[in-house]
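Have a look at data_15.csv below; it lists CSV, C-alpha atoms and all ligand atoms.
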```csv
chain,number,residue,atom,x,y,z
A,1,MET,CA,73.9,99.5,72.8
A,2,ASN,CA,75.2,100.4,76.3
A,3,GLU,CA,78.6,98.9,77.0
A,4,SER,CA,78.9,96.6,80.0
A,5,PRO,CA,81.1,98.1,82.8
A,6,VAL,CA,83.9,95.6,81.9
A,7,THR,CA,83.7,96.4,78.2
A,8,ALA,CA,83.8,100.1,79.0
A,9,LEU,CA,86.9,99.5,81.1
A,10,HIS,CA,88.6,97.5,78.3
A,11,ASN,CA,87.8,100.2,75.8
A,12,ARG,CA,89.2,102.9,78.1
A,13,VAL,CA,92.5,100.9,78.6
A,14,LEU,CA,92.6,100.3,74.8
A,15,ALA,CA,92.2,103.9,74.0
A,16,ALA,CA,94.8,105.1,76.6
A,17,ASP,CA,98.4,105.9,75.6
A,18,ARG,CA,99.9,106.3,79.1
A,19,ILE,CA,99.2,103.6,81.6
A,20,VAL,CA,100.8,102.9,85.0
A,21,PHE,CA,100.7,99.6,86.9
A,22,PHE,CA,101.4,100.2,90.6
A,23,THR,CA,101.9,97.0,92.5
A,24,GLY,CA,102.2,95.8,96.0
A,25,ALA,CA,102.9,92.6,97.9
A,26,GLY,CA,99.5,91.1,96.7
A,27,MET,CA,100.9,91.0,93.2
A,28,SER,CA,103.3,88.3,94.3
A,29,ALA,CA,101.0,86.5,96.8
A,30,GLU,CA,100.0,83.8,94.2
A,31,SER,CA,103.7,83.2,93.6
A,32,GLY,CA,104.0,82.0,97.2
A,33,ILE,CA,105.6,85.2,98.6
A,34,PRO,CA,103.9,86.3,101.8
A,35,THR,CA,102.3,89.8,102.0
A,36,PHE,CA,102.9,92.0,105.0
A,37,ARG,CA,99.4,92.8,106.4
A,38,ASP,CA,97.1,90.0,105.5
A,39,ALA,CA,95.4,88.6,108.5
A,40,LEU,CA,97.2,85.5,109.8
A,41,THR,CA,99.5,85.0,106.8
A,42,GLY,CA,101.0,88.5,106.5
A,43,LEU,CA,104.7,88.9,107.6
A,44,TRP,CA,103.9,91.7,110.1
A,45,GLU,CA,101.3,89.4,111.7
A,46,ARG,CA,104.1,86.9,112.5
A,47,PHE,CA,107.2,88.9,112.8
A,48,ASP,CA,108.2,92.2,114.5
A,49,ALA,CA,108.6,94.8,111.7
A,50,THR,CA,110.6,97.2,113.8
A,51,ALA,CA,113.0,94.5,115.0
A,52,LEU,CA,113.5,93.1,111.5
A,53,ALA,CA,112.9,95.9,108.9
A,54,SER,CA,114.8,98.9,110.4
A,55,PRO,CA,118.4,100.1,110.8
A,56,GLN,CA,117.9,100.0,114.5
A,57,GLY,CA,116.8,96.3,114.4
A,58,TYR,CA,119.8,95.5,112.2
A,59,ARG,CA,122.3,97.2,114.5
A,60,ALA,CA,120.7,95.5,117.5
A,61,ASP,CA,121.0,92.0,116.0
A,62,PRO,CA,122.5,91.7,112.5
A,63,ALA,CA,122.3,88.0,112.5
A,64,LEU,CA,118.6,87.9,113.2
A,65,VAL,CA,117.8,90.4,110.5
A,66,TRP,CA,120.2,89.0,107.9
A,67,GLY,CA,118.9,85.4,108.5
A,68,TRP,CA,115.3,86.6,108.1
A,69,TYR,CA,116.0,88.4,104.9
A,70,GLU,CA,118.0,85.4,103.6
A,71,TRP,CA,114.9,83.2,104.2
A,72,ARG,CA,112.8,85.8,102.3
A,73,ARG,CA,115.5,86.0,99.5
A,74,MET,CA,115.4,82.2,99.1
A,75,LYS,CA,111.5,82.3,98.9
A,76,VAL,CA,111.9,84.9,96.1
A,77,MET,CA,114.5,82.8,94.3
A,78,GLN,CA,112.3,79.7,94.6
A,79,ALA,CA,109.2,81.6,93.4
A,80,ALA,CA,108.0,82.0,89.8
A,81,PRO,CA,106.1,84.8,88.2
A,82,ASN,CA,102.3,84.2,88.4
A,83,ALA,CA,99.7,84.7,85.7
A,84,GLY,CA,99.3,88.3,86.8
A,85,HIS,CA,102.9,89.1,86.2
A,86,VAL,CA,102.8,87.4,82.9
A,87,ALA,CA,99.6,89.2,81.9
A,88,ILE,CA,101.2,92.6,82.5
A,89,ALA,CA,104.3,91.6,80.6
A,90,ASP,CA,102.2,90.3,77.6
A,91,PHE,CA,100.1,93.5,77.7
A,92,VAL,CA,103.3,95.6,77.4
A,93,ARG,CA,104.6,93.5,74.6
A,94,ASN,CA,101.3,93.5,72.7
A,95,ASN,CA,100.9,97.2,72.9
A,96,PRO,CA,104.2,98.6,71.8
A,97,THR,CA,102.8,102.1,71.0
A,98,LYS,CA,101.5,102.6,74.5
A,99,PHE,CA,103.8,104.2,77.2
A,100,VAL,CA,103.5,101.7,80.1
A,101,GLU,CA,105.2,102.0,83.5
A,102,ILE,CA,105.4,99.3,86.1
A,103,ILE,CA,106.0,100.8,89.5
A,104,THR,CA,106.4,98.4,92.4
A,105,GLN,CA,106.8,98.4,96.1
A,106,ASN,CA,107.9,94.8,95.9
A,107,VAL,CA,111.5,93.8,96.4
A,108,ASP,CA,111.3,90.6,94.3
A,109,ASP,CA,112.1,90.4,90.6
A,110,LEU,CA,109.0,88.7,89.4
A,111,HIS,CA,107.9,91.5,87.1
A,112,GLU,CA,111.3,91.3,85.4
A,113,ARG,CA,111.3,87.5,85.3
A,114,ALA,CA,107.8,87.6,83.6
A,115,GLY,CA,109.4,89.8,80.9
A,116,CYS,CA,108.9,93.4,82.0
A,117,THR,CA,112.1,95.4,81.3
A,118,HIS,CA,111.0,98.8,82.6
A,119,VAL,CA,110.3,98.3,86.4
A,120,THR,CA,110.7,101.0,89.0
A,121,HIS,CA,111.4,99.6,92.5
A,122,LEU,CA,110.4,102.1,95.2
A,123,HIS,CA,111.5,99.9,98.1
A,124,GLY,CA,114.7,98.4,96.7
A,125,SER,CA,115.6,94.8,95.9
A,126,ILE,CA,116.0,91.8,98.3
A,127,LEU,CA,118.4,90.4,95.6
A,128,ALA,CA,120.9,93.3,95.9
A,129,PRO,CA,122.5,93.2,99.3
A,130,ARG,CA,125.0,96.0,100.0
A,131,CYS,CA,127.5,97.0,102.7
A,132,PHE,CA,125.9,98.6,105.7
A,133,ALA,CA,129.0,100.8,106.2
A,134,CYS,CA,130.3,101.8,102.7
A,135,GLU,CA,127.1,101.0,100.7
A,136,ARG,CA,129.0,99.1,98.1
A,137,PRO,CA,127.0,96.3,96.4
A,138,ALA,CA,127.8,92.9,97.8
A,139,ASN,CA,130.1,90.7,95.9
A,140,ALA,CA,127.8,87.8,94.7
A,141,ALA,CA,130.4,85.3,95.6
A,142,LEU,CA,130.3,86.4,99.2
A,143,ILE,CA,126.5,85.9,99.5
A,144,GLU,CA,126.0,82.2,100.2
A,145,THR,CA,122.9,80.6,98.7
A,146,ILE,CA,121.5,78.9,101.7
A,147,PRO,CA,119.3,75.8,101.4
A,148,ASN,CA,115.7,75.6,102.3
A,149,GLU,CA,115.4,77.6,105.5
A,150,PRO,CA,112.8,77.0,108.2
A,151,GLU,CA,109.9,79.5,108.3
A,152,GLY,CA,111.4,82.9,109.3
A,153,GLY,CA,114.9,81.7,108.7
A,154,ARG,CA,117.6,81.3,111.4
A,155,ARG,CA,120.2,83.5,112.8
A,156,LEU,CA,122.9,84.0,110.2
A,157,PHE,CA,125.8,86.4,110.6
A,158,PRO,CA,126.0,88.7,107.6
A,159,PRO,CA,129.2,88.3,105.4
A,160,HIS,CA,131.8,91.0,105.5
A,161,CYS,CA,132.4,93.6,102.8
A,162,ASP,CA,135.6,92.8,100.9
A,163,HIS,CA,136.2,96.5,100.6
A,164,CYS,CA,135.8,98.0,104.1
A,165,ASN,CA,135.1,94.8,106.2
A,166,GLY,CA,131.7,96.2,107.1
A,167,THR,CA,128.8,93.8,107.1
A,168,PHE,CA,126.2,93.3,104.4
A,169,ARG,CA,122.6,94.4,104.8
A,170,PRO,CA,119.6,93.6,102.5
A,171,GLY,CA,119.2,96.1,99.6
A,172,VAL,CA,115.6,97.0,100.7
A,173,VAL,CA,114.3,100.3,102.1
A,174,TRP,CA,113.6,99.9,105.8
A,175,PHE,CA,111.2,101.7,108.0
A,176,GLY,CA,112.7,105.1,108.9
A,177,GLU,CA,114.7,105.2,105.7
A,178,SER,CA,114.0,107.4,102.6
A,179,LEU,CA,112.9,106.0,99.3
A,180,PRO,CA,115.5,106.2,96.5
A,181,GLN,CA,115.0,109.7,95.2
A,182,ALA,CA,115.4,109.1,91.5
A,183,GLU,CA,112.9,106.2,91.6
A,184,PHE,CA,110.3,108.1,93.5
A,185,LYS,CA,110.7,111.2,91.3
A,186,HIS,CA,110.3,109.1,88.2
A,187,ALA,CA,107.3,107.3,89.7
A,188,SER,CA,105.7,110.6,90.7
A,189,ALA,CA,106.1,112.0,87.2
A,190,ALA,CA,104.6,108.8,85.7
A,191,ALA,CA,101.6,109.1,88.1
A,192,ARG,CA,101.1,112.7,87.0
A,193,GLU,CA,101.2,111.8,83.3
A,194,ALA,CA,99.1,108.6,83.5
A,195,GLU,CA,95.8,108.4,81.8
A,196,ILE,CA,95.1,105.2,83.6
A,197,PHE,CA,96.6,104.2,86.9
A,198,ILE,CA,96.0,100.5,87.9
A,199,VAL,CA,96.7,99.7,91.5
A,200,ILE,CA,97.2,96.0,92.3
A,201,GLY,CA,97.6,94.2,95.6
A,202,THR,CA,98.6,97.0,98.0
A,203,SER,CA,96.9,98.0,101.2
A,204,GLY,CA,97.9,101.6,100.4
A,205,VAL,CA,99.0,102.4,104.0
A,206,VAL,CA,102.7,103.0,103.6
A,207,GLU,CA,103.8,106.5,102.6
A,208,PRO,CA,105.2,108.0,100.5
A,209,ALA,CA,104.5,105.2,98.0
A,210,ALA,CA,100.8,105.3,98.7
A,211,SER,CA,100.7,109.0,97.7
A,212,LEU,CA,101.2,108.0,94.0
A,213,VAL,CA,97.5,107.1,93.7
A,214,ARG,CA,96.5,110.6,95.0
A,215,ILE,CA,99.0,112.2,92.6
A,216,ALA,CA,97.5,110.3,89.7
A,217,LYS,CA,94.0,111.1,90.8
A,218,LYS,CA,94.7,114.8,91.2
A,219,ALA,CA,96.2,114.9,87.7
A,220,GLY,CA,93.1,113.4,86.2
A,221,ALA,CA,94.0,109.7,85.8
A,222,PHE,CA,91.3,107.0,85.7
A,223,ILE,CA,92.1,104.8,88.7
A,224,ILE,CA,91.4,101.1,88.6
A,225,SER,CA,92.0,99.0,91.8
A,226,ILE,CA,92.5,95.2,91.7
A,227,ASP,CA,92.5,93.6,95.1
A,228,PRO,CA,90.5,90.7,96.8
A,229,ASN,CA,90.0,93.0,99.8
A,230,GLU,CA,88.9,96.6,100.4
A,231,THR,CA,91.9,98.9,100.5
A,232,MET,CA,92.8,102.6,101.0
A,233,ALA,CA,93.4,103.0,97.3
A,234,GLU,CA,89.7,102.4,96.7
A,235,LEU,CA,89.0,105.8,98.1
A,236,TYR,CA,90.3,107.2,94.8
A,237,ALA,CA,89.3,104.4,92.5
A,238,ASP,CA,87.0,104.9,89.5
A,239,ALA,CA,86.7,101.2,89.1
A,240,VAL,CA,87.2,98.3,91.6
A,241,VAL,CA,88.0,94.7,90.6
A,242,ARG,CA,87.4,92.6,93.7
A,243,ASP,CA,89.7,89.7,92.7
A,244,THR,CA,93.2,88.4,92.9
A,245,ALA,CA,96.1,89.5,90.6
A,246,ALA,CA,96.6,86.1,89.0
A,247,VAL,CA,92.8,85.8,88.2
A,248,ALA,CA,91.8,89.4,87.4
A,249,LEU,CA,94.8,90.5,85.3
A,250,PRO,CA,94.8,87.7,82.6
A,251,THR,CA,91.0,88.1,82.2
A,252,PHE,CA,91.1,91.9,82.1
A,253,LEU,CA,94.3,92.5,80.1
A,254,THR,CA,94.0,89.8,77.4
A,255,ALA,CA,90.9,91.6,76.2
A,256,CYS,CA,92.9,94.9,76.1
A,257,ILE,CA,95.2,94.1,73.1
A,258,ALA,CA,95.3,96.5,70.3
A,259,PRO,CA,93.5,95.1,67.2
A,301,LIG,N1,96.1,89.4,94.6
A,301,LIG,C1,96.0,90.7,94.7
A,301,LIG,N2,96.0,91.3,95.9
A,301,LIG,C2,96.2,90.5,97.0
A,301,LIG,C3,96.3,89.1,96.9
A,301,LIG,C4,96.3,88.6,95.6
A,301,LIG,N3,96.4,87.2,95.5
A,301,LIG,N4,96.5,88.6,98.2
A,301,LIG,C5,96.5,89.7,99.0
A,301,LIG,N5,96.3,90.8,98.3
A,301,LIG,C6,96.2,92.2,98.8
A,301,LIG,C7,95.7,92.4,100.2
A,301,LIG,O1,94.3,92.4,100.2
A,301,LIG,C8,96.3,93.7,100.6
A,301,LIG,O2,95.5,94.8,100.1
A,301,LIG,O3,97.5,92.7,98.8
A,301,LIG,C9,97.6,93.8,99.7
A,301,LIG,C10,98.9,93.5,100.5
A,301,LIG,O4,99.0,94.6,101.4
A,301,LIG,P1,100.3,94.7,102.3
A,301,LIG,O5,100.6,93.4,102.9
A,301,LIG,O6,100.2,95.9,103.2
A,301,LIG,O7,101.5,95.0,101.3
A,301,LIG,P2,101.9,96.3,100.6
A,301,LIG,O8,100.7,97.2,100.4
A,301,LIG,O9,102.7,96.0,99.4
A,301,LIG,O10,102.9,97.0,101.7
A,301,LIG,C11,103.6,98.2,101.4
A,301,LIG,O11,104.8,98.0,103.4
A,301,LIG,O12,105.9,96.7,105.0
A,301,LIG,C12,106.1,97.6,103.9
A,301,LIG,O13,107.9,97.7,102.5
A,301,LIG,C13,106.8,96.9,102.8
A,301,LIG,O14,106.5,97.4,100.4
A,301,LIG,C14,105.8,97.1,101.6
A,301,LIG,C15,104.9,98.2,102.0
```

The structure in this file should be written as structure tokens.
Ligand code: APR
Amino acid sequence: MNESPVTALHNRVLAADRIVFFTGAGMSAESGIPTFRDALTGLWERFDATALASPQGYRADPALVWGWYEWRRMKVMQAAPNAGHVAIADFVRNNPTKFVEIITQNVDDLHERAGCTHVTHLHGSILAPRCFACERPANAALIETIPNEPEGGRRLFPPHCDHCNGTFRPGVVWFGESLPQAEFKHASAAAREAEIFIVIGTSGVVEPAASLVRIAKKAGAFIISIDPNETMAELYADAVVRDTAAVALPTFLTACIAP
């Protein structure tokens, strides 16, 4: 009897030993965290990326940038993992013999809070501010937890480093900055070794993170794309699931549990 495409996909995932989940902002959208490029709701539709997400923007107006990221940090702290995050964590737990990597462009900790312990962050963490001058991690006591901020936050002067008196900056990778080398090297190796590479909720337009799909494809991985919209990653996809993370992943992964 011919397998349905979905059954064929399930069986392929079940049979695979090395699987990579590569996630973008769409993975956290159903947790209430805005994406970047979605029409009308994306952050870059409403705010100026170069003014807010670059070293130049921070130097020009540290209070504007720090206040905006504090607003985003609050949104992350108030968010909860969605059913998609939980489905990936359950899949990892229910398939202990598989080698599963979660590689994310997201700066939130929702994969971790859903129960994933092995998460590679390519673009840093909004929860780990550090000193702009000496790079030391911020002392948590110095980072005030601000109450509910208005949309976009308000100007907030960044606290000072208690080591060098520099000012704190968000612990994320900004436009014009390099990705953390160790993380990207690890992610590239995982993409090369993957049998299945599942891309979830990324427009696939920001390099070098977006190159991971091409690396996986070139190395022979089966590429599955999960996104409600058409994306660049679909150019390399062997299977496309046109749905959201919190709907598609529970449906797709709960059927992929080793007997
Ligand atoms: N489920 C799955 N995907 C979704 C959902 C959802 N509920 N909602 C939106 N999406 C998809 C969109 O269709 C889009 O393809 O998520 C993707 C979001 O794309 P972007 O906003 O460009 O986010 P991302 O690809 O993660 O951006 C990459 O760009 O601005 C930088 O550093 C930032 O890490 C970010 C990088």

request  = Take the point (115.0, 107.2, 96.9) in the file's coordinates, draw a sphere of radius 12 Å around it, and report as a VMD selection string every protein, DNA or RNA residue with an atom inside or on it, counting only C-alpha atoms.
outcome  = chain A and resid 120 to 124 172 to 174 177 to 188 208 to 209

Show me, as lines of an AutoDock Vina configuration file, the centre and edge lengths in Å to one decimal of the axis-aligned box that covers every listed atom of ligand LIG 301 (chain A) with 8 Å on each side.
```
center_x = 101.1
center_y = 92.7
center_z = 99.8
size_x = 29.6
size_y = 27.0
size_z = 26.4
```

For the interface of chain A with ligand LIG 301 (chain A) (cut-off 9 Å, counting only C-alpha atoms and all ligand atoms), please tabulate each contacting residue of chain A alongside its nearest pair of atoms and their separation in Å to one decimal, rows sorted by chain and increasing number, as CSV.
```
residue,atom,partner,partner_atom,distance
A:Thr23,CA,A:LIG301,O9,7.0
A:Gly24,CA,A:LIG301,O9,3.4
A:Ala25,CA,A:LIG301,O9,3.7
A:Gly26,CA,A:LIG301,O3,3.3
A:Met27,CA,A:LIG301,C1,5.1
A:Ser28,CA,A:LIG301,N3,7.1
A:Ala29,CA,A:LIG301,N3,4.8
A:Glu30,CA,A:LIG301,N3,5.1
A:Ser31,CA,A:LIG301,N3,8.5
A:Pro34,CA,A:LIG301,O5,7.9
A:Thr35,CA,A:LIG301,O5,4.1
A:Phe36,CA,A:LIG301,O5,3.4
A:Arg37,CA,A:LIG301,O5,3.7
A:Asp38,CA,A:LIG301,O5,5.5
A:Gly42,CA,A:LIG301,O5,6.1
A:Leu43,CA,A:LIG301,O5,7.7
A:Trp44,CA,A:LIG301,O12,7.4
A:Ala49,CA,A:LIG301,O12,7.5
A:Ala53,CA,A:LIG301,O12,8.1
A:Gly84,CA,A:LIG301,N1,8.5
A:Thr104,CA,A:LIG301,O14,8.1
A:Gln105,CA,A:LIG301,O14,4.4
A:Asn106,CA,A:LIG301,O14,5.4
A:Val107,CA,A:LIG301,O14,7.3
A:Leu122,CA,A:LIG301,O14,8.0
A:His123,CA,A:LIG301,O14,6.0
A:Gly124,CA,A:LIG301,O13,9.0
A:Val172,CA,A:LIG301,O13,7.9
A:Val173,CA,A:LIG301,O13,6.9
A:Trp174,CA,A:LIG301,O13,6.9
A:Phe175,CA,A:LIG301,O13,7.6
A:Ile200,CA,A:LIG301,C1,5.9
A:Gly201,CA,A:LIG301,N2,3.3
A:Thr202,CA,A:LIG301,O8,3.2
A:Ser203,CA,A:LIG301,O2,3.7
A:Gly204,CA,A:LIG301,O8,5.2
A:Val205,CA,A:LIG301,O8,6.5
A:Val206,CA,A:LIG301,C11,5.4
A:Glu207,CA,A:LIG301,C11,8.4
A:Ala209,CA,A:LIG301,C11,7.8
A:Ala210,CA,A:LIG301,C11,8.1
A:Ile226,CA,A:LIG301,C1,6.4
A:Asp227,CA,A:LIG301,N2,4.3
A:Pro228,CA,A:LIG301,O1,5.4
A:Asn229,CA,A:LIG301,O1,4.4
A:Glu230,CA,A:LIG301,O1,6.8
A:Thr231,CA,A:LIG301,O2,5.5
A:Met232,CA,A:LIG301,O2,8.3
A:Ala233,CA,A:LIG301,O2,8.9
A:Arg242,CA,A:LIG301,C1,8.9
A:Asp243,CA,A:LIG301,N1,6.7
A:Thr244,CA,A:LIG301,N1,3.5
A:Ala245,CA,A:LIG301,N1,4.0
A:Ala246,CA,A:LIG301,N1,6.5
A:Val247,CA,A:LIG301,N1,8.1
A:Ala248,CA,A:LIG301,N1,8.4
```

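You will find atom CA of A:Val6 at 16.9 Å from atom CA of A:Phe91.
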
ask   = Contacts of A:Pro170 at 12 Å or less, counting only C-alpha atoms, minus same-chain residues fewer than 3 places along, as number ranges by chain?
value = A: 52-55, 58, 62-63, 65-73, 107, 123-132, 135-138, 143, 158-159, 167, 173-174

Generate a file of the selected residues that holds C-alpha atoms, formatted as a compact mmCIF listing (two decimals), in the frame of the given file.
```txt
# COMPACT_ATOMS: atom_id res chain seq x y z
CA LEU A 52 113.50 93.10 111.50
CA ALA A 53 112.90 95.90 108.90
CA SER A 54 114.80 98.90 110.40
CA PRO A 55 118.40 100.10 110.80
CA TYR A 58 119.80 95.50 112.20
CA PRO A 62 122.50 91.70 112.50
CA ALA A 63 122.30 88.00 112.50
CA VAL A 65 117.80 90.40 110.50
CA TRP A 66 120.20 89.00 107.90
CA GLY A 67 118.90 85.40 108.50
CA TRP A 68 115.30 86.60 108.10
CA TYR A 69 116.00 88.40 104.90
CA GLU A 70 118.00 85.40 103.60
CA TRP A 71 114.90 83.20 104.20
CA ARG A 72 112.80 85.80 102.30
CA ARG A 73 115.50 86.00 99.50
CA VAL A 107 111.50 93.80 96.40
CA HIS A 123 111.50 99.90 98.10
CA GLY A 124 114.70 98.40 96.70
CA SER A 125 115.60 94.80 95.90
CA ILE A 126 116.00 91.80 98.30
CA LEU A 127 118.40 90.40 95.60
CA ALA A 128 120.90 93.30 95.90
CA PRO A 129 122.50 93.20 99.30
CA ARG A 130 125.00 96.00 100.00
CA CYS A 131 127.50 97.00 102.70
CA PHE A 132 125.90 98.60 105.70
CA GLU A 135 127.10 101.00 100.70
CA ARG A 136 129.00 99.10 98.10
CA PRO A 137 127.00 96.30 96.40
CA ALA A 138 127.80 92.90 97.80
CA ILE A 143 126.50 85.90 99.50
CA PRO A 158 126.00 88.70 107.60
CA PRO A 159 129.20 88.30 105.40
CA THR A 167 128.80 93.80 107.10
CA VAL A 173 114.30 100.30 102.10
CA TRP A 174 113.60 99.90 105.80
```

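Proximity to A:Ala216 was assessed for A:Val20, A:Ala39, A:Ala140, A:Val13 counting only C-alpha atoms; the smallest distance is recorded for A:Val20.
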
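Distance-wise, atom CA of A:His10 and atom CA of A:Ala255 end up 6.7 Å apart.
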
query = Pick from A:Lys75, A:Arg113, A:Arg155, A:His85: nearest to A:Phe21, with all atoms listed in the file counted?
reply = A:His85

Which residues come within 10 Å of A:Arg214, counting only C-alpha atoms, excluding same-chain residues fewer than 6 positions away, as a PDB file with C-alpha atoms, in the frame of the given file?
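The result, stored in around_30.pdb:
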```pdb
ATOM      1  CA  ALA A 191     101.600 109.100  88.100  1.00  0.00           C
ATOM      2  CA  ARG A 192     101.100 112.700  87.000  1.00  0.00           C
ATOM      3  CA  GLY A 220      93.100 113.400  86.200  1.00  0.00           C
ATOM      4  CA  ALA A 221      94.000 109.700  85.800  1.00  0.00           C
ATOM      5  CA  ILE A 223      92.100 104.800  88.700  1.00  0.00           C
ATOM      6  CA  ALA A 233      93.400 103.000  97.300  1.00  0.00           C
ATOM      7  CA  LEU A 235      89.000 105.800  98.100  1.00  0.00           C
ATOM      8  CA  TYR A 236      90.300 107.200  94.800  1.00  0.00           C
ATOM      9  CA  ALA A 237      89.300 104.400  92.500  1.00  0.00           C
TER      10      ALA A 237
END
```

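Atom CA of A:Ala189 lies 22.4 Å from atom CA of A:Arg93.
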
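Of the residues listed (A:Asp90, A:Asp108, A:Glu45, A:Asp238), A:Asp108 shows the shortest atom-to-atom separation from A:Gly171; distances use all atoms listed in the file.
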
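Using only C-alpha atoms, the nearest neighbour of A:Asn139 within the list A:Lys218, A:Arg154, A:His163, A:Arg46 is A:His163.
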
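Nearest to A:Ala83 of all the residues A:Phe197, A:Phe168, A:Phe99, A:Phe252 is A:Phe252, based on only C-alpha atoms.
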
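You can rank A:Leu110, A:Val86, A:Gln56, A:Leu156 by their closest distance to A:Thr251 using only C-alpha atoms, and at the top of that list sits A:Val86.
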